[in-house]
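Undergrad: My structure file entry_1.tsv, TSV, C-alpha atoms, is below:
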```tsv
chain	number	residue	atom	x	y	z
S	140	MET	CA	204.89	-92.77	-5.91
S	141	SER	CA	206.81	-92.84	-9.20
S	142	GLY	CA	205.33	-90.80	-12.00
S	143	GLN	CA	203.98	-88.11	-9.69
S	144	THR	CA	204.98	-84.53	-10.44
S	145	SER	CA	205.76	-81.89	-7.86
S	146	PRO	CA	202.95	-79.42	-7.18
S	147	PRO	CA	203.44	-76.04	-8.88
S	148	ASN	CA	204.96	-73.22	-6.85
S	149	PRO	CA	202.33	-70.89	-5.39
S	150	THR	CA	201.63	-67.74	-7.38
S	151	ILE	CA	203.41	-64.66	-6.02
S	152	THR	CA	200.96	-61.74	-6.02
S	153	ASP	CA	202.83	-59.06	-4.05
S	154	PRO	CA	206.49	-58.69	-5.07
S	155	TYR	CA	207.05	-55.93	-2.47
S	156	GLN	CA	206.02	-58.28	0.31
S	157	HIS	CA	208.04	-61.15	-1.17
S	158	ILE	CA	211.30	-59.20	-0.86
S	159	GLN	CA	210.17	-57.26	2.22
S	160	ILE	CA	210.40	-53.70	0.95
S	161	ILE	CA	207.88	-50.88	1.30
S	162	PRO	CA	207.51	-48.17	-1.39
S	163	ASN	CA	207.51	-44.60	-0.11
S	164	PRO	CA	205.67	-41.62	-1.68
S	165	ASP	CA	208.97	-39.88	-2.49
S	166	GLY	CA	210.15	-42.77	-4.69
S	167	THR	CA	212.48	-44.33	-2.12
S	168	ILE	CA	211.92	-47.70	-0.47
S	169	THR	CA	212.07	-48.89	3.12
S	170	ARG	CA	214.10	-52.08	3.44
S	171	ASP	CA	213.70	-54.67	6.18
S	172	PRO	CA	216.91	-54.24	8.24
S	173	ASN	CA	216.77	-57.88	9.37
S	174	ARG	CA	216.38	-59.51	5.95
S	175	TYR	CA	220.08	-59.51	5.11
S	176	PRO	CA	222.35	-59.86	8.17
S	177	ASN	CA	225.73	-58.13	8.06
S	178	SER	CA	229.22	-59.26	9.02
S	179	SER	CA	231.95	-57.04	10.45
S	180	PRO	CA	235.45	-57.00	8.95
S	181	SER	CA	238.39	-58.71	10.65
S	182	PRO	CA	241.44	-56.53	9.94
S	183	ASP	CA	243.79	-57.69	12.73
S	184	PRO	CA	246.50	-60.17	11.59
S	185	LYS	CA	246.66	-61.45	15.18
S	186	ASP	CA	243.09	-62.69	14.74
S	187	PRO	CA	243.06	-66.45	14.04
S	188	THR	CA	240.59	-66.05	11.16
S	189	PRO	CA	242.09	-67.45	7.90
S	190	VAL	CA	240.83	-64.47	5.87
S	191	LEU	CA	241.43	-60.86	6.94
S	192	SER	CA	239.13	-58.08	5.81
S	193	LYS	CA	238.88	-54.33	6.22
S	194	ASP	CA	236.67	-51.50	5.00
S	195	ILE	CA	238.00	-48.42	3.19
S	196	ILE	CA	235.95	-45.37	2.16
S	197	VAL	CA	236.23	-44.55	-1.54
S	198	ASN	CA	233.89	-41.56	-1.87
S	199	GLN	CA	232.80	-39.86	1.35
S	200	SER	CA	230.06	-37.75	-0.26
S	201	GLU	CA	228.49	-40.67	-2.13
S	202	LYS	CA	229.05	-43.00	0.87
S	203	THR	CA	230.70	-45.64	-1.27
S	204	TRP	CA	233.35	-47.96	0.11
S	205	VAL	CA	235.09	-51.27	-0.42
S	206	ARG	CA	235.81	-54.29	1.72
S	207	ILE	CA	239.21	-55.83	1.03
S	208	PHE	CA	239.71	-59.56	1.66
S	209	LEU	CA	243.21	-60.98	2.05
S	210	PRO	CA	244.49	-64.44	3.02
S	211	ARG	CA	245.92	-64.06	6.53
S	212	GLN	CA	248.78	-66.39	5.64
S	213	THR	CA	249.99	-63.81	3.12
S	214	ILE	CA	250.78	-61.38	5.95
S	215	VAL	CA	251.95	-64.01	8.42
S	216	ASP	CA	254.38	-65.62	5.95
S	217	SER	CA	256.81	-62.75	5.42
S	218	SER	CA	259.12	-64.95	3.32
S	219	SER	CA	256.60	-65.10	0.44
S	220	THR	CA	257.35	-62.63	-2.33
S	221	SER	CA	254.78	-63.71	-4.92
S	222	LYS	CA	251.85	-61.36	-5.36
S	223	LEU	CA	248.25	-62.48	-5.77
S	224	PRO	CA	245.64	-61.96	-8.49
S	225	LEU	CA	242.95	-59.37	-7.75
S	226	ILE	CA	239.21	-59.92	-8.09
S	227	VAL	CA	237.07	-56.78	-7.99
S	228	TYR	CA	233.72	-58.16	-6.85
S	229	PHE	CA	230.21	-56.69	-7.06
S	230	HIS	CA	227.48	-58.05	-4.78
S	231	GLY	CA	223.97	-58.97	-5.88
S	232	GLY	CA	220.56	-57.84	-4.65
S	233	GLY	CA	218.75	-56.67	-7.78
S	234	PHE	CA	220.47	-53.27	-7.50
S	235	ILE	CA	218.09	-52.44	-4.63
S	236	ASN	CA	219.28	-54.58	-1.71
S	237	CYS	CA	222.39	-55.80	0.14
S	238	SER	CA	225.89	-54.43	0.54
S	239	ALA	CA	229.50	-55.54	0.65
S	240	SER	CA	228.98	-56.27	4.35
S	241	SER	CA	225.98	-58.58	3.81
S	242	THR	CA	226.95	-61.88	5.42
S	243	VAL	CA	226.01	-63.93	2.36
S	244	PHE	CA	228.49	-61.96	0.21
S	245	HIS	CA	231.10	-61.55	2.96
S	246	ASP	CA	231.20	-65.33	3.38
S	247	PHE	CA	231.19	-65.94	-0.38
S	248	CYS	CA	234.20	-63.65	-0.85
S	249	SER	CA	236.02	-65.18	2.13
S	250	SER	CA	235.63	-68.68	0.75
S	251	MET	CA	236.90	-67.60	-2.68
S	252	VAL	CA	239.96	-65.97	-1.10
S	253	LEU	CA	240.76	-69.22	0.71
S	254	ASP	CA	240.16	-71.57	-2.21
S	255	LEU	CA	241.59	-69.43	-5.02
S	256	HIS	CA	244.37	-67.66	-3.10
S	257	VAL	CA	243.44	-64.21	-4.39
S	258	VAL	CA	242.80	-60.75	-2.98
S	259	ILE	CA	239.24	-59.48	-3.35
S	260	VAL	CA	238.03	-55.89	-3.35
S	261	SER	CA	234.27	-56.08	-2.79
S	262	VAL	CA	232.49	-52.91	-3.88
S	263	ASP	CA	229.69	-51.26	-1.94
S	264	TYR	CA	227.92	-49.27	-4.64
S	265	ARG	CA	224.89	-46.98	-4.37
S	266	LEU	CA	221.50	-48.70	-4.51
S	267	ALA	CA	218.33	-47.96	-6.48
S	268	PRO	CA	215.73	-46.54	-6.49
S	269	GLU	CA	217.43	-43.79	-4.48
S	270	HIS	CA	220.29	-43.95	-7.00
S	271	ARG	CA	219.09	-45.46	-10.25
S	272	LEU	CA	221.40	-46.89	-12.88
S	273	PRO	CA	223.97	-45.92	-14.06
S	274	ALA	CA	224.95	-44.95	-10.48
S	275	ALA	CA	226.25	-48.46	-9.68
S	276	TYR	CA	228.27	-48.51	-12.92
S	277	ASP	CA	229.75	-45.08	-12.14
S	278	ASP	CA	230.71	-46.28	-8.67
S	279	ALA	CA	232.36	-49.35	-10.19
S	280	MET	CA	234.53	-47.22	-12.46
S	281	GLU	CA	235.42	-44.91	-9.59
S	282	VAL	CA	236.63	-47.92	-7.60
S	283	LEU	CA	238.85	-49.06	-10.49
S	284	GLN	CA	240.42	-45.61	-10.58
S	285	TRP	CA	240.79	-45.71	-6.79
S	286	ILE	CA	242.57	-49.09	-6.97
S	287	LYS	CA	244.94	-47.64	-9.57
S	288	THR	CA	245.99	-44.73	-7.36
S	289	THR	CA	245.50	-45.83	-3.74
S	290	GLN	CA	248.46	-46.40	-1.46
S	291	GLU	CA	246.46	-48.90	0.61
S	292	ASP	CA	249.12	-51.31	1.87
S	293	TRP	CA	247.12	-54.53	1.45
S	294	LEU	CA	246.84	-53.79	-2.25
S	295	ARG	CA	250.28	-52.30	-2.90
S	296	GLU	CA	252.14	-55.03	-1.03
S	297	TYR	CA	250.19	-58.16	-1.94
S	298	VAL	CA	248.41	-57.65	-5.29
S	299	ASP	CA	249.67	-58.36	-8.78
S	300	TYR	CA	248.08	-55.44	-10.61
S	301	SER	CA	248.65	-57.13	-13.96
S	302	ARG	CA	246.16	-59.91	-13.06
S	303	CYS	CA	242.83	-58.21	-12.33
S	304	PHE	CA	239.42	-59.75	-12.89
S	305	LEU	CA	235.98	-58.15	-12.58
S	306	MET	CA	233.39	-60.46	-11.05
S	307	GLY	CA	229.84	-60.16	-9.78
S	308	SER	CA	226.86	-62.21	-8.73
S	309	SER	CA	223.40	-61.53	-10.17
S	310	ALA	CA	223.01	-57.72	-10.35
S	311	GLY	CA	226.70	-57.57	-9.48
S	312	ALA	CA	227.49	-59.58	-12.62
S	313	ASN	CA	225.49	-57.01	-14.59
S	314	ALA	CA	227.58	-54.26	-12.94
S	315	ALA	CA	230.79	-56.20	-13.67
S	316	TYR	CA	230.18	-56.47	-17.40
S	317	HIS	CA	229.03	-52.85	-17.73
S	318	ALA	CA	232.10	-51.72	-15.78
S	319	GLY	CA	234.17	-53.99	-18.02
S	320	LEU	CA	232.78	-52.38	-21.16
S	321	CYS	CA	233.52	-48.90	-19.78
S	322	ALA	CA	237.00	-49.99	-18.66
S	323	SER	CA	237.72	-51.42	-22.11
S	324	GLN	CA	237.67	-47.84	-23.41
S	325	GLU	CA	240.10	-46.69	-20.72
S	326	ALA	CA	242.52	-49.61	-20.48
S	327	ASP	CA	245.59	-47.38	-20.91
S	328	ASN	CA	244.34	-44.95	-18.26
S	329	LEU	CA	243.98	-47.76	-15.69
S	330	VAL	CA	247.64	-48.86	-15.83
S	331	PRO	CA	249.22	-50.39	-13.75
S	332	LEU	CA	245.83	-52.13	-13.29
S	333	LYS	CA	245.37	-54.63	-16.13
S	334	ILE	CA	242.04	-56.39	-16.45
S	335	LYS	CA	242.34	-59.93	-17.76
S	336	GLY	CA	238.75	-61.11	-17.68
S	337	LEU	CA	235.14	-60.86	-16.56
S	338	ILE	CA	233.45	-63.47	-14.34
S	339	LEU	CA	229.67	-63.21	-14.57
S	340	HIS	CA	228.01	-65.39	-11.94
S	341	HIS	CA	224.32	-65.83	-12.83
S	342	PRO	CA	224.09	-62.38	-14.49
S	343	PHE	CA	220.92	-60.39	-13.82
S	344	ILE	CA	219.66	-59.48	-17.29
S	345	GLY	CA	216.23	-59.09	-18.84
S	346	GLY	CA	214.08	-57.86	-21.67
S	347	VAL	CA	210.50	-57.05	-22.55
S	348	GLN	CA	209.74	-60.26	-24.48
S	349	ARG	CA	209.37	-63.25	-22.16
S	350	THR	CA	211.69	-66.22	-22.70
S	351	GLY	CA	210.74	-69.87	-22.37
S	352	SER	CA	212.59	-70.25	-19.04
S	353	GLU	CA	210.88	-67.14	-17.62
S	354	VAL	CA	207.45	-68.51	-18.53
S	355	LYS	CA	208.29	-71.96	-17.20
S	356	LEU	CA	209.70	-70.60	-13.91
S	357	VAL	CA	207.31	-67.67	-13.47
S	358	ASN	CA	206.76	-68.47	-9.77
S	359	GLU	CA	210.21	-69.85	-8.97
S	360	PRO	CA	210.41	-68.94	-5.25
S	361	HIS	CA	214.00	-67.63	-5.24
S	362	LEU	CA	213.36	-65.15	-8.05
S	363	PRO	CA	209.73	-64.98	-9.21
S	364	LEU	CA	209.20	-63.11	-12.45
S	365	CYS	CA	207.14	-60.36	-10.79
S	366	VAL	CA	210.03	-59.70	-8.36
S	367	ASN	CA	212.46	-59.62	-11.27
S	368	ASP	CA	210.24	-57.05	-13.01
S	369	LEU	CA	209.91	-54.95	-9.86
S	370	MET	CA	213.66	-54.83	-9.35
S	371	TRP	CA	214.15	-53.57	-12.90
S	372	ASP	CA	211.35	-51.02	-12.46
S	373	LEU	CA	213.17	-49.65	-9.42
S	374	ALA	CA	216.68	-49.83	-10.88
S	375	LEU	CA	216.36	-48.59	-14.47
S	376	PRO	CA	216.27	-44.88	-15.33
S	377	LEU	CA	212.75	-43.47	-15.20
S	378	GLY	CA	210.82	-43.77	-18.44
S	379	VAL	CA	212.67	-46.71	-20.02
S	380	ASP	CA	211.66	-50.36	-20.32
S	381	ARG	CA	213.54	-53.63	-19.94
S	382	ASP	CA	214.89	-53.43	-23.47
S	383	HIS	CA	217.22	-50.68	-22.30
S	384	GLU	CA	220.91	-51.61	-22.69
S	385	TYR	CA	221.40	-51.64	-18.90
S	386	CYS	CA	218.98	-54.57	-18.69
S	387	ASN	CA	219.11	-56.27	-22.10
S	388	PRO	CA	222.67	-56.89	-23.34
S	389	MET	CA	221.36	-58.25	-26.64
S	390	VAL	CA	219.46	-55.10	-27.67
S	391	GLU	CA	220.48	-53.86	-31.14
S	392	GLY	CA	222.86	-56.79	-31.46
S	393	GLY	CA	224.81	-55.96	-28.33
S	394	SER	CA	227.22	-53.20	-27.39
S	395	LYS	CA	229.86	-52.21	-29.93
S	396	LEU	CA	232.29	-52.00	-26.99
S	397	TRP	CA	232.62	-55.79	-26.96
S	398	LYS	CA	235.04	-55.20	-29.85
S	399	ASN	CA	237.42	-53.60	-27.33
S	400	VAL	CA	237.11	-56.63	-25.05
S	401	ARG	CA	238.02	-58.88	-27.98
S	402	LEU	CA	240.98	-56.74	-29.03
S	403	LEU	CA	242.28	-56.59	-25.46
S	404	GLY	CA	242.17	-60.38	-25.29
S	405	TRP	CA	240.03	-60.49	-22.16
S	406	LYS	CA	238.29	-63.74	-21.38
S	407	VAL	CA	234.67	-63.89	-20.19
S	408	MET	CA	233.05	-66.60	-18.06
S	409	VAL	CA	229.27	-66.78	-17.70
S	410	THR	CA	227.76	-69.23	-15.21
S	411	GLY	CA	224.14	-70.20	-14.57
S	412	CYS	CA	221.77	-73.10	-14.02
S	413	ASP	CA	218.51	-74.32	-15.48
S	414	GLY	CA	216.62	-73.60	-12.26
S	415	ASP	CA	217.20	-69.87	-12.85
S	416	PRO	CA	214.45	-68.10	-14.84
S	417	MET	CA	217.15	-66.09	-16.63
S	418	ILE	CA	219.03	-69.07	-18.07
S	419	ASP	CA	217.66	-68.62	-21.60
S	420	ARG	CA	218.88	-65.02	-21.66
S	421	GLN	CA	222.25	-65.96	-20.16
S	422	MET	CA	222.80	-68.63	-22.81
S	423	GLU	CA	221.74	-66.21	-25.56
S	424	PHE	CA	224.21	-63.71	-24.10
S	425	VAL	CA	227.03	-66.26	-24.42
S	426	ASP	CA	225.98	-67.04	-28.00
S	427	MET	CA	226.05	-63.33	-28.82
S	428	LEU	CA	229.60	-62.99	-27.45
S	429	VAL	CA	230.68	-65.97	-29.56
S	430	THR	CA	229.43	-64.19	-32.69
S	431	LYS	CA	231.52	-61.17	-31.66
S	432	ASP	CA	234.64	-63.39	-31.37
S	433	VAL	CA	234.99	-62.66	-27.66
S	434	ARG	CA	236.85	-65.37	-25.72
S	435	VAL	CA	233.83	-66.58	-23.77
S	436	VAL	CA	233.07	-69.75	-21.88
S	437	GLY	CA	229.64	-70.65	-20.52
S	438	HIS	CA	229.03	-73.07	-17.65
S	439	PHE	CA	225.37	-73.98	-17.11
S	440	SER	CA	224.46	-76.68	-14.61
S	441	THR	CA	221.31	-78.73	-14.09
S	442	GLY	CA	218.94	-78.00	-11.22
S	443	GLY	CA	219.68	-75.39	-8.62
S	444	TYR	CA	218.29	-71.86	-8.53
S	445	HIS	CA	219.47	-68.28	-9.01
S	446	VAL	CA	222.93	-67.81	-7.39
S	447	VAL	CA	222.65	-71.21	-5.68
S	448	GLU	CA	226.41	-71.11	-4.95
S	449	LEU	CA	225.82	-68.36	-2.38
S	450	LYS	CA	223.85	-70.77	-0.21
S	451	GLU	CA	225.14	-74.27	-0.93
S	452	PRO	CA	228.83	-74.93	-0.11
S	453	SER	CA	229.12	-77.95	-2.41
S	454	LYS	CA	227.94	-75.86	-5.35
S	455	ALA	CA	230.35	-73.08	-4.34
S	456	LYS	CA	233.24	-75.57	-4.36
S	457	ALA	CA	232.30	-76.64	-7.89
S	458	LEU	CA	232.27	-72.98	-8.96
S	459	HIS	CA	235.68	-72.43	-7.36
S	460	ALA	CA	237.10	-75.30	-9.42
S	461	LEU	CA	235.89	-73.57	-12.59
S	462	LEU	CA	237.32	-70.26	-11.41
S	463	LYS	CA	240.75	-71.78	-10.73
S	464	ASP	CA	240.94	-72.99	-14.33
S	465	PHE	CA	239.68	-69.64	-15.61
S	466	LEU	CA	242.25	-67.63	-13.62
S	467	LEU	CA	245.08	-69.87	-14.77
S	468	ASP	CA	243.96	-69.69	-18.40
S	469	ALA	CA	243.74	-65.89	-18.48
S	470	PRO	CA	245.93	-64.13	-21.07
S	471	ALA	CA	249.48	-63.35	-19.96
S	472	ALA	CA	250.53	-59.81	-19.14
```
Could you write out this file's structure as structure tokens?
TA:
Amino acid sequence: MSGQTSPPNPTITDPYQHIQIIPNPDGTITRDPNRYPNSSPSPDPKDPTPVLSKDIIVNQSEKTWVRIFLPRQTIVDSSSTSKLPLIVYFHGGGFINCSASSTVFHDFCSSMVLDLHVVIVSVDYRLAPEHRLPAAYDDAMEVLQWIKTTQEDWLREYVDYSRCFLMGSSAGANAAYHAGLCASQEADNLVPLKIKGLILHHPFIGGVQRTGSEVKLVNEPHLPLCVNDLMWDLALPLGVDRDHEYCNPMVEGGSKLWKNVRLLGWKVMVTGCDGDPMIDRQMEFVDMLVTKDVRVVGHFSTGGYHVVELKEPSKAKALHALLKDFLLDAPAA
């Protein structure tokens, strides 16, 4: 009947159960191995798959690695001499779950490679609480240095190092902008790698004071507020709250390092939707960057839920259209 409202979402009382993790006495967690299926890489050009992928170890002792995605046609068509933009991508999972091999992120990267005609280096960083922040940020910077120096043929032969973008989804978007801020201090040391912009897909950010969207969507089933809080409790350094700079980008007016981003001419894209409890923060984040004269564009859609583009192909296609424009509009080398 018209005029009826949907029943409220049920209250989530056990965030551990909701995301299927078990806390251990030593501070680690046990993850459900079946919650996030994995996909294997497809490195053989003779394979008919349209996107090739392979895994490369970056740091053996820290067990960090990357998965490189490349359009198969780039290898097959030996007559092509034009090199492709590079997206360094960071997966989501609240800093405590998932990896670069998680099927949801493997498929997301593959579809971007096909639609955008780019090369993607997807980073498998260390997870909390076993490795609390800033471990993921440190791993991100190590990967940028690795890209600069590696002789990996897929990168050396097919990537335009002067067109690099840092991108992430959810917690990965948080990692992307923190890595970007760190990289903005070391731009000269990363040459020939030149970062042109940051793409922050539904960035995972927070704070102590509740926002209107968090209160309204407290039991939103994709990311209930209690799960959000738990992820931050497990990811942040011990003894700090959600107004730490790793979580709250607006604290103390925002990082002074955004000045570097402005001076370097990098462009920033922030995407979100009003079904995501974090939308108020994400929009405030964009407003803050505007006040700092950063070249920022925000795209916030109606409906949906946190990182909806990972699950709904039509939404992913709409995101890809925005990304095409963003990549083309990036500052020239």
Undergrad: Would you compute the distance between CA of His383 (chain S) and CA of Ile286 (chain S)? Give it in Å to one decimal.
TA: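 According to the coordinates, CA of His383 (chain S) and CA of Ile286 (chain S) are separated by 29.7 Å.
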Undergrad: Which protein, DNA or RNA residues are at most 12 Å from (226.0, -47.0, -2.7) in the file's coordinates when you count only C-alpha atoms, listed as an mmCIF file with C-alpha atoms, in the coordinates of the input?
TA:
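Result went into result-v3.cif, see below:
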```
data_model
loop_
_atom_site.group_PDB
_atom_site.id
_atom_site.type_symbol
_atom_site.label_atom_id
_atom_site.label_comp_id
_atom_site.auth_asym_id
_atom_site.auth_seq_id
_atom_site.Cartn_x
_atom_site.Cartn_y
_atom_site.Cartn_z
ATOM 1 C CA ILE S 196 235.950 -45.370 2.160
ATOM 2 C CA VAL S 197 236.230 -44.550 -1.540
ATOM 3 C CA ASN S 198 233.890 -41.560 -1.870
ATOM 4 C CA GLN S 199 232.800 -39.860 1.350
ATOM 5 C CA SER S 200 230.060 -37.750 -0.260
ATOM 6 C CA GLU S 201 228.490 -40.670 -2.130
ATOM 7 C CA LYS S 202 229.050 -43.000 0.870
ATOM 8 C CA THR S 203 230.700 -45.640 -1.270
ATOM 9 C CA TRP S 204 233.350 -47.960 0.110
ATOM 10 C CA VAL S 205 235.090 -51.270 -0.420
ATOM 11 C CA PHE S 229 230.210 -56.690 -7.060
ATOM 12 C CA HIS S 230 227.480 -58.050 -4.780
ATOM 13 C CA PHE S 234 220.470 -53.270 -7.500
ATOM 14 C CA ILE S 235 218.090 -52.440 -4.630
ATOM 15 C CA ASN S 236 219.280 -54.580 -1.710
ATOM 16 C CA CYS S 237 222.390 -55.800 0.140
ATOM 17 C CA SER S 238 225.890 -54.430 0.540
ATOM 18 C CA ALA S 239 229.500 -55.540 0.650
ATOM 19 C CA VAL S 262 232.490 -52.910 -3.880
ATOM 20 C CA ASP S 263 229.690 -51.260 -1.940
ATOM 21 C CA TYR S 264 227.920 -49.270 -4.640
ATOM 22 C CA ARG S 265 224.890 -46.980 -4.370
ATOM 23 C CA LEU S 266 221.500 -48.700 -4.510
ATOM 24 C CA ALA S 267 218.330 -47.960 -6.480
ATOM 25 C CA PRO S 268 215.730 -46.540 -6.490
ATOM 26 C CA GLU S 269 217.430 -43.790 -4.480
ATOM 27 C CA HIS S 270 220.290 -43.950 -7.000
ATOM 28 C CA ARG S 271 219.090 -45.460 -10.250
ATOM 29 C CA LEU S 272 221.400 -46.890 -12.880
ATOM 30 C CA PRO S 273 223.970 -45.920 -14.060
ATOM 31 C CA ALA S 274 224.950 -44.950 -10.480
ATOM 32 C CA ALA S 275 226.250 -48.460 -9.680
ATOM 33 C CA TYR S 276 228.270 -48.510 -12.920
ATOM 34 C CA ASP S 277 229.750 -45.080 -12.140
ATOM 35 C CA ASP S 278 230.710 -46.280 -8.670
ATOM 36 C CA ALA S 279 232.360 -49.350 -10.190
ATOM 37 C CA GLU S 281 235.420 -44.910 -9.590
ATOM 38 C CA VAL S 282 236.630 -47.920 -7.600
#
```
Undergrad: Which residues, protein or nucleic acid, reach to within 7 Å of (228.1, -72.5, -13.0) in the file's coordinates when using only C-alpha atoms, and can you give that as a list in words?
TA: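 Residues satisfying the cut-off, written out: Thr410, Gly411, Cys412, His438, Phe439, Ser440 and Leu458 of chain S.
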Undergrad: Any idea what's packed within 9 Å of Tyr316 (chain S), counting all atoms listed in the file, ignoring anything in its chain fewer than 3 positions away? Could you give it as a list in words?
TA: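 Final neighbour list, sorted by chain and number: Leu305, Met306, Gly307, Gly311, Ala312, Asn313, Gly319, Leu320, Cys321, Leu337, Ile338, Leu339 and Pro342 of chain S.
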Undergrad: State, in Å with one decimal place, the distance from CA of Lys431 (chain S) to CA of Lys398 (chain S).
TA: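 Atom-to-atom, CA of Lys431 (chain S) to CA of Lys398 (chain S), that is 7.2 Å.
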Undergrad: Find, counting all atoms listed in the file, the residue in S:Val433, S:Gly231, S:Leu369, S:Asp254 that gets nearest to Phe343 (chain S).
TA: S:Gly231
Undergrad: Taking only C-alpha atoms into account, name the residue in S:Leu396, S:Met251, S:Ile160, S:Val227 that is nearest to Ala455 (chain S).
TA: S:Met251
Undergrad: Just checking: using only C-alpha atoms, which residue out of S:Gly414, S:Arg381, S:Ser261, S:Glu325 ends up closest to Arg349 (chain S)?
TA: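 Among S:Gly414, S:Arg381, S:Ser261, S:Glu325, it is S:Arg381 that comes nearest to Arg349 (chain S).
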Undergrad: For a test of reading the model, state the distance in Å between CA of Pro416 (chain S) and CA of Pro363 (chain S), rounded to one decimal.
TA: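 The value is 8.0 Å.
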Undergrad: When you count all atoms listed in the file, which of these residues is closest to Leu362 (chain S): S:Pro154, S:Pro172, S:Pro182, S:Pro164?
TA: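 Selected residue with least distance to Leu362 (chain S): S:Pro154.
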Undergrad: Could you check which of S:Arg401, S:Lys355, S:Lys222, S:His341 is closest to Glu296 (chain S), using all atoms listed in the file?
TA: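 Between S:Arg401, S:Lys355, S:Lys222, S:His341, the residue approaching Glu296 (chain S) most closely is S:Lys222.
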Undergrad: Find the residue from S:Ile418, S:Pro376, S:Gly233, S:Gly437 that sits nearest to Glu353 (chain S); use only C-alpha atoms when measuring.
TA: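 Going through S:Ile418, S:Pro376, S:Gly233, S:Gly437 one by one, the smallest distance to Glu353 (chain S) is for S:Ile418.
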Undergrad: Can you pull out the residues contacting Gly351 (chain S)? Cut-off 12 Å, using only C-alpha atoms, and skip same-chain residues under 4 positions away; I want them as a VMD selection string.
TA: chain S and resid 355 to 357 413 415 to 420
